[in-house]
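One structure is given below, encoded as structure tokens.
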Number of protein chains: 2
Amino acid sequence: MNLNQQYLTLTENYLFSTINHKVAQYQQKHADTKIIRLGIGDVTKPLAPAIIEALHEAVAEQGQESQFHGYGPEQGYDFLRQAIQEHYQKNYSVALAIDEIFVSDGAKSDLGNVLDLFSVDNVVLIPDPVYPVYVDTNKMAGRSIVYLTGNRENHFLPMPDHNMTADIIYLCSPNNPTGAVYNREQLKAWVDFARQKEAIILFDSAYEAFIDDPALPRSIFEIEGSKECAIEFCSLSKTAGFTGTRCGYTIVPKALIRNEQSLNQWWLRRQTTKFNGVSYIVQKGAAAVFTPQGQQQIKADIAYYQENARLITNCLDELSIYYTGGIQSPYIWLECPVAMDSWAFFDYLLTKAQIVGTPGAGFGQSGERYFRLSAFGKRDDIMEAIARLKKIWQ
Amino acid sequence: MNLNQQYLTLTENYLFSTINHKVAQYQQKHADTKIIRLGIGDVTKPLAPAIIEALHEAVAEQGQESQFHGYGPEQGYDFLRQAIQEHYQKNYSVALAIDEIFVSDGAKSDLGNVLDLFSVDNVVLIPDPVYPVYVDTNKMAGRSIVYLTGNRENHFLPMPDHNMTADIIYLCSPNNPTGAVYNREQLKAWVDFARQKEAIILFDSAYEAFIDDPALPRSIFEIEGSKECAIEFCSLSKTAGFTGTRCGYTIVPKALIRNEQSLNQWWLRRQTTKFNGVSYIVQKGAAAVFTPQGQQQIKADIAYYQENARLITNCLDELSIYYTGGIQSPYIWLECPVAMDSWAFFDYLLTKAQIVGTPGAGFGQSGERYFRLSAFGKRDDIMEAIARLKKIWQ
């Protein structure tokens with residue numbers, strides 16, 4: 001019996017455990033100090049009332065024999081798929097067939113699981129810095145990875161180079177961790193590149209709800225030709241506070257054909273074999289996100305986080321600190337002071353201002369001199385963090 | 001770009017779609033006839049009151065900023081892992097460390113996902129007939145499969161043969177579809193075999209709650225030496241009616257070492273990379289299953305299904321039909337009449353008695369002459385089905 005030896009190539013990511021350890025140690029020595037946590041990208045607002053109401057109703061149904069729901073379709077209930085379909089039509093002018101929409105328990109699961117469909121000899125193109133899951137899930141399968149550098153010159157929005165080999169391409173826009181957003185022309189260039197290479201783009205749109213500039217694409221399917229080369233992964237985690245409630249959706253267009261096979265059919269086959277669907281209760285809650293009332297309520301929450309981001313970026317502007325994100329994104333990606341790498345800056349911020357952020361090194365080599373702040377905190381904490389930043393940055 | 005060519009080796013399983021098609025066609029021609037469905041293994045009783053109450057409480061928490069839960073631990077909340085730990089100690093006298101317990105969204109996901117940890121050159125040993133997911137998930141990865149025949153001679157409880165090669169062994173007890181249950185001596189023989197071969201047993205105990213004979217093992221960890229060779233997959237689907245609510249648990253002992261690596265650590269790594277945990281709300285509901293009140297309520301539901309099974313097996317006894325299961329299991333696996341294979345018998349039962357069951361052929365070659373009935377129906381339907389069976393079997 002042999003284990004999958006590729007697991008041995010994984011480098012243990014101690015990012016958040018190291019952060020927690022350092023913070024705990026500091027707190028122990030300074031018990032009275034209030035530490036402000038702008039590190040992990042987790043929401044702080046509770047679920048909106050329309051969602052709570054739908055969840056309670058679904059729970060009540062599960063307690064009644066006449067309304068009880070057992071096994072549901074692995075790909076999700078039609079009531080939710082239809083709501084997502086209408087959402088795409090209304091907000092992005094994107095027409096989807098209902099069976100192009102697969103309900104998931106979040107983008108993270110499907111971003112990893114989709115790799116089941118691909119040969120291990122494919123070459124993977126991954127922007128750096130990036131959400132570490134793209135890298136680790138491909139290492140687990142033993143695929144070669146080519147990194148594409150994001151930096152100040154390209155505003156952390158790397159573009160394709162036609163000399164590159166690429167079979168699978170990850171794009172995340174708005175990006176985690178940089179908050180940078182591709183515009184239509186840039187995404188079109190990626191779509192053209194993918195089609196020319198016959199590659200597949202795995203498009204992570206988990207932060208799309210933070211885009212409020214109508215000129216910027218929120219779905220890759222707003223781009224012509226994308227249905228022939230892209231799969232989109234979205235989540236309600238940041239859109240509607242579902243980080244602990246768990247629901248998302250994956251769009252696999254029927255026009256996506258490789259090796260004469262329909263990726264849509266293959267994903268259906270994968271999901272019916274290895275997944276048993278998302279909880280009925282959670283799907284009812286998710287459907288409430290797309291009602292007029294639900295939309296109004298979640299938009300108010302997003303506006304709150306956006307205002308947090310605006311306050312932070314205003315502060316960085318005042319201090320003349322370079323950053324990306326903040327606008328159209330809950331993340332602010334700032335350059336560390338000249339003499340510090342991202343871990344040194346982490347220690348500096350923790351000890352001098354009692355602010356916790358995330359060192360850019362945790363997102364790849366190109367993040368070594370950058371730092372991520374999250375706007376998901378509470379307003380008072382954000383204001384206090386800003387005041388402390390201004391104080392130490394003089 | 002190449003797809004995973006192993007998907008082409010999958011034979012499309014039309015089992016339930018063919019059943020649905022045949023039933024719909026029959027119903028269309030006989031609109032007034034009541035068809036009784038004893039096919040799919042889905043529960044019919046609603047969630048127990050203690051679970052509903054816990055779910056409502058958790059929903060309410062998700063609506064309050066002060067009680068809101070965002071990202072939880074990928075491996076599950078300690079309140080649920082602790083409840084499972086105590087359950088194993090109290091009911092099976094099995095001592096588990098809390099970090100040997102991983103909360104899942106059901107056994108199906110983890111039974112497939114665990115294969116990520118193993119090399120594709122491992123040989124897989126699978127009993128036939130069996131839950132088709134074991135076969136398909138391994139075909140997707142391209143592993144060689146050796147089938148072990150279950151039949152009337154071995155009471156559908158095949159035993160190991162020391163001449164066989166085996167790296168990964170699937171055992172399901174009580175078995176789906178046969179309802180047969182391994183006793184302690186038999187499971188001990190499997191554990192000894194696995195340890196001698198340095199194989200790993202993937203033990204699917206999804207139906208363990210139906211065992212009420214204290215002489216029969218409900219967890220493989222009741223067997224000496226099993227922690228060095230087994231992973232257990234359990235689910236609340238059949239235990240507590242969670243088929244549509246989605247929660248289960250996977251036990252990976254720390255004593256399970258292969259290639260000098262801890263499988264427990266590897267599974268943790270897999271889950272933290274490719275999974276984001278089960279919904280907080282669902283985990284709160286799951287924890288209520290293990291309270292005294294929850295246990296009392298779910299046991300009443302199981303007793304109801306058990307009585308259904310007893311009524312069906314009494315009828316089969318009267319008609320002198322050979323079967324396995326029914327006792328200690330919600331499934332009854334009966335031999336088809338001499339001149340019929342399982343699909344012919346399906347048609348016969350549908351047209352003569354308007355009863356829907358599942359043809360054994362859907363579970364593998366050794367099921368060709370057998371048929372599965374499920375005891376998860378409503379009592380009136382079970383009684384009516386029994387009356388119809390008796391009428392046509394004269």
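Order determines the names: the first chain of the structure tokens is A, the second B, and so forth; residues in each chain are numbered 1 upward, and ligands are numbered 1 upward as they are shown.
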Exercise for review: Compile the contact shell of range 317-331 of chain A as a VMD selection string: residues with an atom at most 9 Å away, counting only C-alpha atoms, same-chain residues fewer than 4 positions apart removed.
Suggested key: chain A and resid 41 152 155 to 156 174 to 181 207 to 213 238 302 305 to 306 308 to 310 312 to 313 335 to 337 370 372 to 376 390 393 to 394
Written file, previous selection with C-alpha atoms, as an mmCIF file, in the first residue's frame:
data_model
loop_
_atom_site.group_PDB
_atom_site.id
_atom_site.type_symbol
_atom_site.label_atom_id
_atom_site.label_comp_id
_atom_site.auth_asym_id
_atom_site.auth_seq_id
_atom_site.Cartn_x
_atom_site.Cartn_y
_atom_site.Cartn_z
ATOM 1 C CA GLY A 41 -11.003 37.514 5.861
ATOM 2 C CA ARG A 152 3.621 47.201 -8.463
ATOM 3 C CA HIS A 155 -0.741 46.770 -10.439
ATOM 4 C CA PHE A 156 -0.908 43.158 -9.235
ATOM 5 C CA PRO A 174 -11.349 40.865 -7.154
ATOM 6 C CA ASN A 175 -8.157 39.200 -6.080
ATOM 7 C CA ASN A 176 -7.415 37.628 -2.733
ATOM 8 C CA PRO A 177 -5.095 38.982 -1.272
ATOM 9 C CA THR A 178 -4.426 42.074 -3.432
ATOM 10 C CA GLY A 179 -7.988 43.317 -3.986
ATOM 11 C CA ALA A 180 -7.013 44.161 -7.588
ATOM 12 C CA VAL A 181 -9.798 43.794 -10.183
ATOM 13 C CA TYR A 207 -15.504 38.734 -3.944
ATOM 14 C CA GLU A 208 -17.603 39.930 -6.912
ATOM 15 C CA ALA A 209 -20.285 41.456 -4.687
ATOM 16 C CA PHE A 210 -17.812 44.170 -3.676
ATOM 17 C CA ILE A 211 -17.613 45.529 -7.223
ATOM 18 C CA ASP A 212 -19.932 48.494 -7.632
ATOM 19 C CA ASP A 213 -18.330 50.083 -10.667
ATOM 20 C CA LYS A 238 -18.517 37.264 1.421
ATOM 21 C CA ILE A 302 -21.540 45.131 1.916
ATOM 22 C CA TYR A 305 -17.630 46.858 4.776
ATOM 23 C CA GLN A 306 -16.961 49.063 1.737
ATOM 24 C CA ASN A 308 -14.568 50.414 6.268
ATOM 25 C CA ALA A 309 -12.312 49.837 3.262
ATOM 26 C CA ARG A 310 -12.709 53.449 2.144
ATOM 27 C CA ILE A 312 -8.596 52.562 5.586
ATOM 28 C CA THR A 313 -7.562 53.575 2.057
ATOM 29 C CA GLU A 335 3.474 47.959 0.658
ATOM 30 C CA CYS A 336 5.558 47.480 3.791
ATOM 31 C CA PRO A 337 7.882 50.299 4.921
ATOM 32 C CA TYR A 370 3.323 43.462 1.160
ATOM 33 C CA ARG A 372 -3.086 42.440 3.731
ATOM 34 C CA LEU A 373 -5.662 44.266 5.810
ATOM 35 C CA SER A 374 -9.266 43.142 5.814
ATOM 36 C CA ALA A 375 -12.232 45.530 5.931
ATOM 37 C CA PHE A 376 -14.602 42.978 7.490
ATOM 38 C CA LYS A 390 -1.519 57.430 11.890
ATOM 39 C CA TRP A 393 3.475 56.258 10.853
ATOM 40 C CA GLN A 394 4.623 59.787 11.616
#
Exercise for review: Please identify which residues in range 338-367 of chain B DSSP calls strand (DSSP E) from the backbone, and express them as a ChimeraX atom specification.
Suggested key: /B:355-356,358-359
Once you have the residues from the selection above, write them out as a CSV table (one decimal), in the first residue's frame, restricted to N, CA and C atoms.
chain,number,residue,atom,x,y,z
B,355,ILE,N,-45.5,-2.2,-6.8
B,355,ILE,CA,-44.4,-1.9,-5.8
B,355,ILE,C,-43.1,-1.6,-6.5
B,356,VAL,N,-42.4,-0.6,-6.1
B,356,VAL,CA,-41.1,-0.2,-6.7
B,356,VAL,C,-40.0,-0.6,-5.7
B,358,THR,N,-35.5,-2.0,-5.8
B,358,THR,CA,-34.3,-1.7,-6.6
B,358,THR,C,-33.7,-3.0,-7.1
B,359,PRO,N,-33.5,-3.1,-8.4
B,359,PRO,CA,-32.9,-4.4,-9.0
B,359,PRO,C,-31.5,-4.6,-8.5
Residue hits in chain A, query chain B, radius 7 Å, only C-alpha atoms, as a compact mmCIF listing (two decimals) with C-alpha atoms, in the first residue's frame:
# COMPACT_ATOMS: atom_id res chain seq x y z
CA MET A 1 0.00 0.00 0.00
CA ASN A 2 1.43 3.33 -0.99
CA LEU A 3 0.34 6.79 -0.06
CA ASN A 4 0.01 9.59 -2.59
CA ASP A 42 -14.02 36.52 7.88
CA VAL A 43 -17.22 38.53 8.00
CA LYS A 45 -22.08 41.02 10.38
CA PRO A 46 -24.79 38.44 11.19
CA LEU A 47 -26.97 36.88 8.48
CA ALA A 48 -29.60 39.27 7.12
CA PRO A 49 -33.17 39.04 8.50
CA ILE A 52 -32.76 34.09 8.97
CA LEU A 55 -33.71 29.34 7.49
CA HIS A 56 -36.27 29.16 10.31
CA VAL A 59 -35.99 24.11 9.81
CA GLN A 62 -37.73 19.50 8.35
CA GLY A 63 -39.72 18.86 11.52
CA GLN A 64 -42.98 18.09 9.69
CA GLU A 65 -43.56 14.75 7.97
CA PHE A 68 -39.81 16.93 5.16
CA HIS A 69 -36.95 16.91 2.62
CA GLY A 70 -34.67 13.90 2.40
CA TYR A 71 -32.05 13.44 -0.33
CA GLY A 72 -32.09 16.35 -2.73
CA LYS A 108 -13.09 26.28 -1.66
CA SER A 109 -14.43 22.72 -2.04
CA GLY A 112 -10.11 21.81 -5.35
CA LEU A 117 -11.62 16.19 -14.09
CA PHE A 118 -8.15 17.05 -15.37
CA SER A 119 -5.14 14.97 -16.24
CA ASN A 122 -1.58 19.52 -17.36
CA VAL A 133 -5.50 26.69 -2.03
CA THR A 137 -4.54 21.35 -4.40
CA ASP A 167 -3.56 24.20 -19.60
CA GLU A 198 -7.18 25.49 -25.46
CA ALA A 199 -6.69 26.02 -21.76
CA THR A 243 -18.61 31.84 5.89
CA GLY A 244 -20.06 29.66 8.65
CA THR A 245 -23.31 28.71 6.91
CA ARG A 246 -21.65 27.30 3.75
CA ASN A 259 -11.10 16.22 -25.77
CA THR A 273 -20.61 10.28 -7.50
CA LYS A 274 -18.70 12.15 -4.78
CA PHE A 275 -21.14 14.64 -3.26
CA ASN A 276 -24.63 14.43 -1.82
CA SER A 279 -28.27 20.91 3.21
CA TYR A 280 -31.86 21.73 2.24
CA ILE A 281 -32.03 24.23 5.09
Check your understanding: Could you pull out all residues of range 65-128 of chain A with a DSSP call of helix (DSSP H, G or I) and give them as a PyMOL selection string?
Key -> chain A and resi 65-67+78-92+98-100+107-117
Write a file of the selected residues as an mmCIF file, in the first residue's frame, keeping N, CA and C atoms.
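Here's the written file out_34.cif:
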data_model
loop_
_atom_site.group_PDB
_atom_site.id
_atom_site.type_symbol
_atom_site.label_atom_id
_atom_site.label_comp_id
_atom_site.auth_asym_id
_atom_site.auth_seq_id
_atom_site.Cartn_x
_atom_site.Cartn_y
_atom_site.Cartn_z
ATOM 1 N N GLU A 65 -43.600 15.878 8.914
ATOM 2 C CA GLU A 65 -43.561 14.748 7.971
ATOM 3 C C GLU A 65 -44.009 15.159 6.569
ATOM 4 N N SER A 66 -45.054 15.999 6.495
ATOM 5 C CA SER A 66 -45.617 16.361 5.190
ATOM 6 C C SER A 66 -44.716 17.317 4.405
ATOM 7 N N GLN A 67 -43.769 17.970 5.088
ATOM 8 C CA GLN A 67 -42.918 18.951 4.401
ATOM 9 C C GLN A 67 -41.445 18.579 4.455
ATOM 10 N N ASP A 78 -33.810 23.185 -7.667
ATOM 11 C CA ASP A 78 -34.141 24.114 -8.757
ATOM 12 C C ASP A 78 -34.520 25.504 -8.229
ATOM 13 N N PHE A 79 -35.161 25.558 -7.051
ATOM 14 C CA PHE A 79 -35.556 26.894 -6.553
ATOM 15 C C PHE A 79 -34.342 27.800 -6.380
ATOM 16 N N LEU A 80 -33.209 27.218 -5.979
ATOM 17 C CA LEU A 80 -32.002 28.017 -5.801
ATOM 18 C C LEU A 80 -31.277 28.245 -7.128
ATOM 19 N N ARG A 81 -31.211 27.199 -7.938
ATOM 20 C CA ARG A 81 -30.539 27.336 -9.244
ATOM 21 C C ARG A 81 -31.255 28.389 -10.102
ATOM 22 N N GLN A 82 -32.569 28.389 -10.004
ATOM 23 C CA GLN A 82 -33.353 29.367 -10.758
ATOM 24 C C GLN A 82 -33.077 30.798 -10.257
ATOM 25 N N ALA A 83 -32.973 30.940 -8.940
ATOM 26 C CA ALA A 83 -32.680 32.258 -8.365
ATOM 27 C C ALA A 83 -31.316 32.759 -8.850
ATOM 28 N N ILE A 84 -30.364 31.846 -8.931
ATOM 29 C CA ILE A 84 -29.018 32.213 -9.401
ATOM 30 C C ILE A 84 -29.064 32.550 -10.898
ATOM 31 N N GLN A 85 -29.815 31.752 -11.631
ATOM 32 C CA GLN A 85 -29.991 31.997 -13.073
ATOM 33 C C GLN A 85 -30.541 33.402 -13.318
ATOM 34 N N GLU A 86 -31.583 33.768 -12.592
ATOM 35 C CA GLU A 86 -32.193 35.098 -12.741
ATOM 36 C C GLU A 86 -31.217 36.203 -12.327
ATOM 37 N N HIS A 87 -30.446 35.931 -11.284
ATOM 38 C CA HIS A 87 -29.448 36.884 -10.808
ATOM 39 C C HIS A 87 -28.421 37.187 -11.910
ATOM 40 N N TYR A 88 -27.951 36.155 -12.575
ATOM 41 C CA TYR A 88 -26.985 36.349 -13.665
ATOM 42 C C TYR A 88 -27.612 37.125 -14.818
ATOM 43 N N GLN A 89 -28.858 36.802 -15.132
ATOM 44 C CA GLN A 89 -29.522 37.481 -16.246
ATOM 45 C C GLN A 89 -29.709 38.961 -15.916
ATOM 46 N N LYS A 90 -30.221 39.208 -14.731
ATOM 47 C CA LYS A 90 -30.601 40.568 -14.360
ATOM 48 C C LYS A 90 -29.379 41.457 -14.105
ATOM 49 N N ASN A 91 -28.386 40.918 -13.423
ATOM 50 C CA ASN A 91 -27.270 41.758 -12.992
ATOM 51 C C ASN A 91 -26.079 41.758 -13.938
ATOM 52 N N TYR A 92 -25.891 40.677 -14.682
ATOM 53 C CA TYR A 92 -24.707 40.607 -15.564
ATOM 54 C C TYR A 92 -25.117 40.477 -17.025
ATOM 55 N N ILE A 98 -30.273 26.337 -16.590
ATOM 56 C CA ILE A 98 -30.324 25.973 -15.174
ATOM 57 C C ILE A 98 -29.351 24.837 -14.861
ATOM 58 N N ASP A 99 -29.130 23.941 -15.830
ATOM 59 C CA ASP A 99 -28.213 22.828 -15.557
ATOM 60 C C ASP A 99 -26.753 23.184 -15.847
ATOM 61 N N GLU A 100 -26.476 24.459 -16.020
ATOM 62 C CA GLU A 100 -25.087 24.927 -16.006
ATOM 63 C C GLU A 100 -24.696 25.398 -14.598
ATOM 64 N N ALA A 107 -16.915 27.947 -2.393
ATOM 65 C CA ALA A 107 -15.976 27.931 -3.519
ATOM 66 C C ALA A 107 -14.760 27.052 -3.235
ATOM 67 N N LYS A 108 -14.321 27.013 -1.976
ATOM 68 C CA LYS A 108 -13.086 26.279 -1.663
ATOM 69 C C LYS A 108 -13.172 24.809 -2.063
ATOM 70 N N SER A 109 -14.271 24.143 -1.704
ATOM 71 C CA SER A 109 -14.428 22.719 -2.036
ATOM 72 C C SER A 109 -14.345 22.500 -3.539
ATOM 73 N N ASP A 110 -15.136 23.267 -4.283
ATOM 74 C CA ASP A 110 -15.220 23.018 -5.719
ATOM 75 C C ASP A 110 -13.941 23.404 -6.444
ATOM 76 N N LEU A 111 -13.252 24.451 -5.986
ATOM 77 C CA LEU A 111 -11.981 24.851 -6.603
ATOM 78 C C LEU A 111 -10.958 23.718 -6.525
ATOM 79 N N GLY A 112 -10.995 22.972 -5.458
ATOM 80 C CA GLY A 112 -10.111 21.813 -5.350
ATOM 81 C C GLY A 112 -10.668 20.613 -6.085
ATOM 82 N N ASN A 113 -11.960 20.340 -5.886
ATOM 83 C CA ASN A 113 -12.558 19.126 -6.434
ATOM 84 C C ASN A 113 -12.601 19.099 -7.956
ATOM 85 N N VAL A 114 -12.688 20.269 -8.576
ATOM 86 C CA VAL A 114 -12.798 20.319 -10.039
ATOM 87 C C VAL A 114 -11.564 19.703 -10.692
ATOM 88 N N LEU A 115 -10.451 19.690 -9.961
ATOM 89 C CA LEU A 115 -9.211 19.141 -10.516
ATOM 90 C C LEU A 115 -9.323 17.647 -10.808
ATOM 91 N N ASP A 116 -10.291 16.971 -10.169
ATOM 92 C CA ASP A 116 -10.571 15.560 -10.480
ATOM 93 C C ASP A 116 -10.750 15.337 -11.979
ATOM 94 N N LEU A 117 -11.270 16.358 -12.669
ATOM 95 C CA LEU A 117 -11.621 16.188 -14.085
ATOM 96 C C LEU A 117 -10.409 16.241 -15.005
#
Check your understanding: Mind pulling up the distance from CA of Ile231 in chain B to CA of Val252 in chain B?
Key ->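 Going from CA of Val252 in chain B over to CA of Ile231 in chain B, I get 5.1 Å.
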Fewer than 4 positions away in the same chain doesn't count, so skip those; otherwise give me all residues within 8 Å of Gln365 in chain A, counting only C-alpha atoms, as a PDB file with N, CA and C atoms, in the first residue's frame.
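Result went into part-v8.pdb, see below:
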ATOM      1  N   ASP A 128       0.799  35.022  -8.645  1.00  0.00           N
ATOM      2  CA  ASP A 128       1.438  35.093  -7.328  1.00  0.00           C
ATOM      3  C   ASP A 128       1.567  36.581  -7.020  1.00  0.00           C
ATOM      4  N   PRO A 129       1.053  37.060  -5.904  1.00  0.00           N
ATOM      5  CA  PRO A 129       0.451  36.373  -4.764  1.00  0.00           C
ATOM      6  C   PRO A 129      -0.975  35.884  -5.046  1.00  0.00           C
ATOM      7  N   ALA A 361       3.826  37.378   2.585  1.00  0.00           N
ATOM      8  CA  ALA A 361       4.607  36.177   2.283  1.00  0.00           C
ATOM      9  C   ALA A 361       3.740  34.921   2.325  1.00  0.00           C
TER      10      ALA A 361
END
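One distance worth recording is that between CA of Phe203 in chain A and CA of Tyr170 in chain A, which is 6.1 Å.
If you look at CA of Ser342 in chain A and CA of Ile19 in chain A, they are 12.0 Å away from each other.
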